[in-house]
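Novice: Before we start, here is the structure in question, set down as structure tokens.
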Amino acid sequence: MAKVGYFPASYPGELTYSILARFLDQMQYPSQKLAGKQLLGTFGATASVTLPSRLGRLISVLPPGHSYTVERLIDHHTLLPFYSPFLPSKRVESLRQDMRGDNGLSVYMRSGSTSSCIHSPEFLRFCPLCSQEDKKHYGECYWHREHQIPGVEVCPIHNVFLENTHARAQSRRIRYEFIAAQQAIQNVIPQPLDLSNPCHQNLVEIYQDANWLLNQPNFTPGLESIRDRYLSVLVDRGLANYSGQVHIRQLLEAFKNYYPPNFLNWLGCEIREEDNNNWLFRLLRSPKQSRHPLYHLLFINFLGYCVGEFFQLSGELKPFGDRSWPCLNPICEYFRQPIIQEYQLKYDKSHGGRLTGTFCCNCGFTYSRMGPDKSPEDRFKVGKIKAFGHKWEATLKEVWQDSTFTLQAMAARLGVDLQTVKHQAVLLNLSFPRLGPTARQIQIDTVSLPAALYLQASEPTKQQAYRAEWLSALSENPEESRSFLAQKYRRVHSWLYLYDRVWLTAHLPPPKKRGKQLPQVNWEKRDAQIADLVRACTQRLKKASGKPVQVTKTAIASDIGYLALIQKQLDKLPLTAFALACSVESTEEFAVRRVQWAVDCFRQENVYPHRWQIIRRTGMKSSTAALPQVKEALAVALQSLARLDIM
């Protein structure tokens, strides 16, 4: 492949597209396609503004002594660093390979820009004052890459809005054409920002964050890491709990109060409150798919951070503060010292979202407490002791045998109360009463001990008496049920249940078999009624005004009020199951209905749209639009609207 004899040096923050456009403008190639063949290896090379491909071929034809590399072009002269932090690291590596190679279509598919409702700017943009300074310093102006980012609408360096040129950034008709900034930029009067306007301030923050990302090549923190940071901040704000559940309604209300709806609509980031799958909610779910960087920038700014600060945050949830945690065993040599490195976290939904941390020291002492901690002193509190450990138990055995220790002295030494000392002594089978002058102080308190220990301490004759009384009750009432006996002989049954449950269970009469119960529900009648409701609901959902809602089994069941019944007992409702199977819409059918709705909207607005505008109005994915039935519906829609335009 023949090399070129000259290639211009790049300017700060200049797009690769701009470098090529300046080169072609200077060399006056007779044909843009011929230039593409020489520089990029094919007549069909697309002039990509944001994420170009064939960069390896470009480097191979540059003159000797040049300073360009593929990595330098990607990192400093394309928009990949803007997208990379919000993509999986493996996909970023694949993107780099695609940009180096010849597969330009894969670049846009992997970047996620084709599936997003946020589109790249239609026209190449510039800052009027930046272009004046460029001419002054370099003798010509060029395309700045930060000015071509979706969502970047201002230049904070000069506090003015960006301006559109007449040069299209994307167009099938001129997709091979590189347009130099010197040819396209016209003198215009700058439109100043009003920094007292919150919307203008938000636009400045978006620019600053986008510019920061552009200057972080190879920065891929990972989608899980980003979501963990989101949850950590939301927990601090009271908008999520430590189990990862976000308080969606409160979050949505706070987000709406932060950004005016017209501001989000202007950026193409409208939030539909009735849609449980809107971009804000998807941003906080398990990151199975990447989202457009602009969504992330808006959310990070809402949280009160710029992206540089945000990525310095730790995503680790810390309901019990930073590690390490103290051992709270008074016998341990590390008492109240930060020796515990890990703890177990439990989130209990059945108790109002109670959060419990369990901490275990090497001495065996294990304790738990409820969280989160509200002050540094909370880490020295014990909610419940789960195990005292071998050191604590060895000390109890030692002082128990020492007659000079009173019960109060033992409790103070072990860091527990009097009843706990006696309780643990029984569990360890220590002798009762203690030898020595203090023996009378250490009698077993049957009220405070658990049932099993009380039974050990009670006289065997009491147990035998209750057993005999229960056996007598059984012989006197051989045909009665368990519940009858428990009610009639409540005193005996309660004592045995508390203190001798194993024996009682073995000496209960066999359970009574219940008679066959007649069905209380006429399932055939109910099935027919619900099936009729399903068919009526289907027609109502399809004819409802406004943007169409997909007719799914869940949508129908929720609308008619039988969601739980249909989810759990559909096997008893064959007519309903058949009606549902006939009613639910496939992806293609729903997409066709959305196309018809969009056509009606454009017809009322007296607008003749392009194909992409219909797709955008429907909100469908590009993969859905490529389905055969949907493609045919789009073609028919365009033809019908074209006839309207002619008329």
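Each chain in the structure tokens gets a letter, A, B and so on, in the order shown; residues start at 1 in every chain, and ligands are counted from 1 in the order they appear.
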May I have the residues within 10 Å of segment 204-209 of chain A as a VMD selection string, using only C-alpha atoms and disregarding those fewer than 6 positions away in the same chain?
Specialist: chain A and resid 82 146 to 147 149 to 157 159 to 161 193 195 198 294 297 to 298 300 to 301 305 to 308
Novice: Show which residues sit within 9 Å of Ile59 of chain A, as a list in words. Count only C-alpha atoms, and ignore same-chain residues fewer than 3 positions away.
Specialist: Leu39, Arg54, Leu55, Gly56, Leu62, Pro63, Tyr68, Thr69 and Val70 of chain A
Novice: With N, CA and C atoms kept, could you save the residues just selected as a PDB file, in the first residue's frame?
Specialist:
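That gives us out.pdb:
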```pdb
ATOM      1  N   LEU A  39      -6.235   6.170   2.085  1.00  0.00           N
ATOM      2  CA  LEU A  39      -5.970   6.322   3.521  1.00  0.00           C
ATOM      3  C   LEU A  39      -6.537   5.178   4.352  1.00  0.00           C
ATOM      4  N   ARG A  54     -10.771   1.309  10.913  1.00  0.00           N
ATOM      5  CA  ARG A  54      -9.679   1.227   9.933  1.00  0.00           C
ATOM      6  C   ARG A  54      -8.479   2.100  10.331  1.00  0.00           C
ATOM      7  N   LEU A  55      -8.311   2.305  11.628  1.00  0.00           N
ATOM      8  CA  LEU A  55      -7.202   3.160  12.064  1.00  0.00           C
ATOM      9  C   LEU A  55      -5.856   2.479  11.859  1.00  0.00           C
ATOM     10  N   GLY A  56      -5.835   1.156  11.909  1.00  0.00           N
ATOM     11  CA  GLY A  56      -4.594   0.435  11.631  1.00  0.00           C
ATOM     12  C   GLY A  56      -4.125   0.664  10.201  1.00  0.00           C
ATOM     13  N   LEU A  62       0.901   6.340   6.700  1.00  0.00           N
ATOM     14  CA  LEU A  62       1.434   7.654   7.057  1.00  0.00           C
ATOM     15  C   LEU A  62       2.923   7.725   6.745  1.00  0.00           C
ATOM     16  N   PRO A  63       3.445   8.921   6.533  1.00  0.00           N
ATOM     17  CA  PRO A  63       4.848   9.065   6.127  1.00  0.00           C
ATOM     18  C   PRO A  63       5.809   8.676   7.249  1.00  0.00           C
ATOM     19  N   TYR A  68       2.077   9.316  15.191  1.00  0.00           N
ATOM     20  CA  TYR A  68       0.765   8.729  15.469  1.00  0.00           C
ATOM     21  C   TYR A  68       0.873   7.237  15.778  1.00  0.00           C
ATOM     22  N   THR A  69      -0.001   6.764  16.645  1.00  0.00           N
ATOM     23  CA  THR A  69      -0.236   5.336  16.856  1.00  0.00           C
ATOM     24  C   THR A  69      -1.748   5.136  16.920  1.00  0.00           C
ATOM     25  N   VAL A  70      -2.169   3.887  16.752  1.00  0.00           N
ATOM     26  CA  VAL A  70      -3.602   3.604  16.854  1.00  0.00           C
ATOM     27  C   VAL A  70      -4.116   3.970  18.237  1.00  0.00           C
TER      28      VAL A  70
END
```
Novice: Give me, as a list of chain:residue names, all polymer residues having an atom no more than 10 Å from Thr624 of chain A, counting only C-alpha atoms and skipping those fewer than 6 positions away in the same chain.
Specialist: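 The neighbour list is A:Thr587, A:Glu588, A:Ala591, A:Val592, A:Ile615, A:Val630, A:Lys631.
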Novice: What would the file look like if the residues just selected were written as a PDB file, in the first residue's frame with N, CA and C atoms?
Specialist:
```pdb
ATOM      1  N   THR A 587     -43.804  -9.839  20.336  1.00  0.00           N
ATOM      2  CA  THR A 587     -42.998  -8.624  20.169  1.00  0.00           C
ATOM      3  C   THR A 587     -43.295  -7.955  18.834  1.00  0.00           C
ATOM      4  N   GLU A 588     -43.429  -8.752  17.770  1.00  0.00           N
ATOM      5  CA  GLU A 588     -43.705  -8.195  16.444  1.00  0.00           C
ATOM      6  C   GLU A 588     -45.088  -7.548  16.392  1.00  0.00           C
ATOM      7  N   ALA A 591     -45.070  -4.310  18.225  1.00  0.00           N
ATOM      8  CA  ALA A 591     -44.318  -3.296  17.484  1.00  0.00           C
ATOM      9  C   ALA A 591     -45.140  -2.744  16.318  1.00  0.00           C
ATOM     10  N   VAL A 592     -45.870  -3.622  15.632  1.00  0.00           N
ATOM     11  CA  VAL A 592     -46.719  -3.171  14.515  1.00  0.00           C
ATOM     12  C   VAL A 592     -47.804  -2.223  15.031  1.00  0.00           C
ATOM     13  N   ILE A 615     -39.470   5.123  14.327  1.00  0.00           N
ATOM     14  CA  ILE A 615     -38.899   4.162  15.285  1.00  0.00           C
ATOM     15  C   ILE A 615     -38.673   4.831  16.634  1.00  0.00           C
ATOM     16  N   VAL A 630     -42.386  -6.142  11.188  1.00  0.00           N
ATOM     17  CA  VAL A 630     -42.256  -4.741  11.579  1.00  0.00           C
ATOM     18  C   VAL A 630     -41.702  -3.916  10.421  1.00  0.00           C
ATOM     19  N   LYS A 631     -40.738  -4.466   9.693  1.00  0.00           N
ATOM     20  CA  LYS A 631     -40.188  -3.760   8.529  1.00  0.00           C
ATOM     21  C   LYS A 631     -41.285  -3.472   7.509  1.00  0.00           C
TER      22      LYS A 631
END
```
Novice: Just want the 12 Å neighbourhood of Gln132 of chain A, counted on only C-alpha atoms, with same-chain residues fewer than 2 positions away dropped. Output as a PyMOL selection string.
Specialist: chain A and resi 126-130+134-142+158+181-182+185-190
Novice: Just the selected residues (N, CA and C atoms), exported as a PDB file, in the first residue's frame, please.
Specialist:
```
ATOM      1  N   PHE A 126     -19.736  23.690  16.984  1.00  0.00           N
ATOM      2  CA  PHE A 126     -18.521  24.437  17.320  1.00  0.00           C
ATOM      3  C   PHE A 126     -18.863  25.533  18.325  1.00  0.00           C
ATOM      4  N   CYS A 127     -17.833  25.995  18.996  1.00  0.00           N
ATOM      5  CA  CYS A 127     -17.953  27.170  19.863  1.00  0.00           C
ATOM      6  C   CYS A 127     -17.426  28.374  19.076  1.00  0.00           C
ATOM      7  N   PRO A 128     -18.193  29.426  18.901  1.00  0.00           N
ATOM      8  CA  PRO A 128     -17.734  30.567  18.096  1.00  0.00           C
ATOM      9  C   PRO A 128     -16.431  31.179  18.612  1.00  0.00           C
ATOM     10  N   LEU A 129     -16.276  31.238  19.924  1.00  0.00           N
ATOM     11  CA  LEU A 129     -15.074  31.863  20.487  1.00  0.00           C
ATOM     12  C   LEU A 129     -13.881  30.922  20.442  1.00  0.00           C
ATOM     13  N   CYS A 130     -14.131  29.624  20.586  1.00  0.00           N
ATOM     14  CA  CYS A 130     -13.034  28.654  20.441  1.00  0.00           C
ATOM     15  C   CYS A 130     -12.479  28.700  19.018  1.00  0.00           C
ATOM     16  N   ASP A 134      -8.723  29.405  17.813  1.00  0.00           N
ATOM     17  CA  ASP A 134      -7.985  28.434  16.994  1.00  0.00           C
ATOM     18  C   ASP A 134      -7.347  29.111  15.780  1.00  0.00           C
ATOM     19  N   LYS A 135      -8.106  29.974  15.121  1.00  0.00           N
ATOM     20  CA  LYS A 135      -7.560  30.686  13.960  1.00  0.00           C
ATOM     21  C   LYS A 135      -6.387  31.566  14.368  1.00  0.00           C
ATOM     22  N   LYS A 136      -6.501  32.160  15.554  1.00  0.00           N
ATOM     23  CA  LYS A 136      -5.442  33.044  16.019  1.00  0.00           C
ATOM     24  C   LYS A 136      -4.163  32.271  16.341  1.00  0.00           C
ATOM     25  N   HIS A 137      -4.305  31.098  16.991  1.00  0.00           N
ATOM     26  CA  HIS A 137      -3.122  30.343  17.423  1.00  0.00           C
ATOM     27  C   HIS A 137      -2.578  29.402  16.351  1.00  0.00           C
ATOM     28  N   TYR A 138      -3.484  28.796  15.551  1.00  0.00           N
ATOM     29  CA  TYR A 138      -3.049  27.771  14.605  1.00  0.00           C
ATOM     30  C   TYR A 138      -3.232  28.172  13.143  1.00  0.00           C
ATOM     31  N   GLY A 139      -3.890  29.274  12.907  1.00  0.00           N
ATOM     32  CA  GLY A 139      -4.121  29.709  11.538  1.00  0.00           C
ATOM     33  C   GLY A 139      -5.331  29.069  10.898  1.00  0.00           C
ATOM     34  N   GLU A 140      -6.003  28.194  11.584  1.00  0.00           N
ATOM     35  CA  GLU A 140      -7.201  27.543  11.073  1.00  0.00           C
ATOM     36  C   GLU A 140      -7.991  26.993  12.258  1.00  0.00           C
ATOM     37  N   CYS A 141      -9.258  26.700  12.028  1.00  0.00           N
ATOM     38  CA  CYS A 141     -10.077  26.097  13.080  1.00  0.00           C
ATOM     39  C   CYS A 141     -10.220  24.603  12.805  1.00  0.00           C
ATOM     40  N   TYR A 142     -10.695  23.876  13.807  1.00  0.00           N
ATOM     41  CA  TYR A 142     -10.828  22.423  13.664  1.00  0.00           C
ATOM     42  C   TYR A 142     -11.993  21.955  14.525  1.00  0.00           C
ATOM     43  N   HIS A 158     -15.801  29.640  27.540  1.00  0.00           N
ATOM     44  CA  HIS A 158     -16.221  30.990  27.138  1.00  0.00           C
ATOM     45  C   HIS A 158     -17.651  31.317  27.574  1.00  0.00           C
ATOM     46  N   ALA A 181     -13.509  21.879   9.182  1.00  0.00           N
ATOM     47  CA  ALA A 181     -14.142  22.934   9.977  1.00  0.00           C
ATOM     48  C   ALA A 181     -13.974  24.288   9.310  1.00  0.00           C
ATOM     49  N   GLN A 182     -12.836  24.487   8.641  1.00  0.00           N
ATOM     50  CA  GLN A 182     -12.557  25.766   8.000  1.00  0.00           C
ATOM     51  C   GLN A 182     -13.599  26.095   6.931  1.00  0.00           C
ATOM     52  N   ILE A 185     -17.542  26.301   9.302  1.00  0.00           N
ATOM     53  CA  ILE A 185     -17.826  27.221  10.403  1.00  0.00           C
ATOM     54  C   ILE A 185     -17.999  28.637   9.868  1.00  0.00           C
ATOM     55  N   GLN A 186     -19.112  29.238  10.254  1.00  0.00           N
ATOM     56  CA  GLN A 186     -19.415  30.609   9.850  1.00  0.00           C
ATOM     57  C   GLN A 186     -19.352  31.528  11.075  1.00  0.00           C
ATOM     58  N   ASN A 187     -19.163  32.783  10.822  1.00  0.00           N
ATOM     59  CA  ASN A 187     -19.166  33.758  11.911  1.00  0.00           C
ATOM     60  C   ASN A 187     -20.597  33.948  12.418  1.00  0.00           C
ATOM     61  N   VAL A 188     -20.791  33.730  13.706  1.00  0.00           N
ATOM     62  CA  VAL A 188     -22.102  33.907  14.323  1.00  0.00           C
ATOM     63  C   VAL A 188     -21.928  34.695  15.615  1.00  0.00           C
ATOM     64  N   ILE A 189     -23.020  35.252  16.077  1.00  0.00           N
ATOM     65  CA  ILE A 189     -22.987  35.976  17.349  1.00  0.00           C
ATOM     66  C   ILE A 189     -23.155  34.961  18.479  1.00  0.00           C
ATOM     67  N   PRO A 190     -22.194  34.865  19.392  1.00  0.00           N
ATOM     68  CA  PRO A 190     -22.287  33.868  20.482  1.00  0.00           C
ATOM     69  C   PRO A 190     -23.507  34.123  21.359  1.00  0.00           C
TER      70      PRO A 190
END
```
Novice: Got a sec to tell me which of segment 336-384 of chain A DSSP assigns to strand (DSSP E), as number ranges by chain?
Specialist: A: 338-340, 343-348, 354-360, 366-371, 384
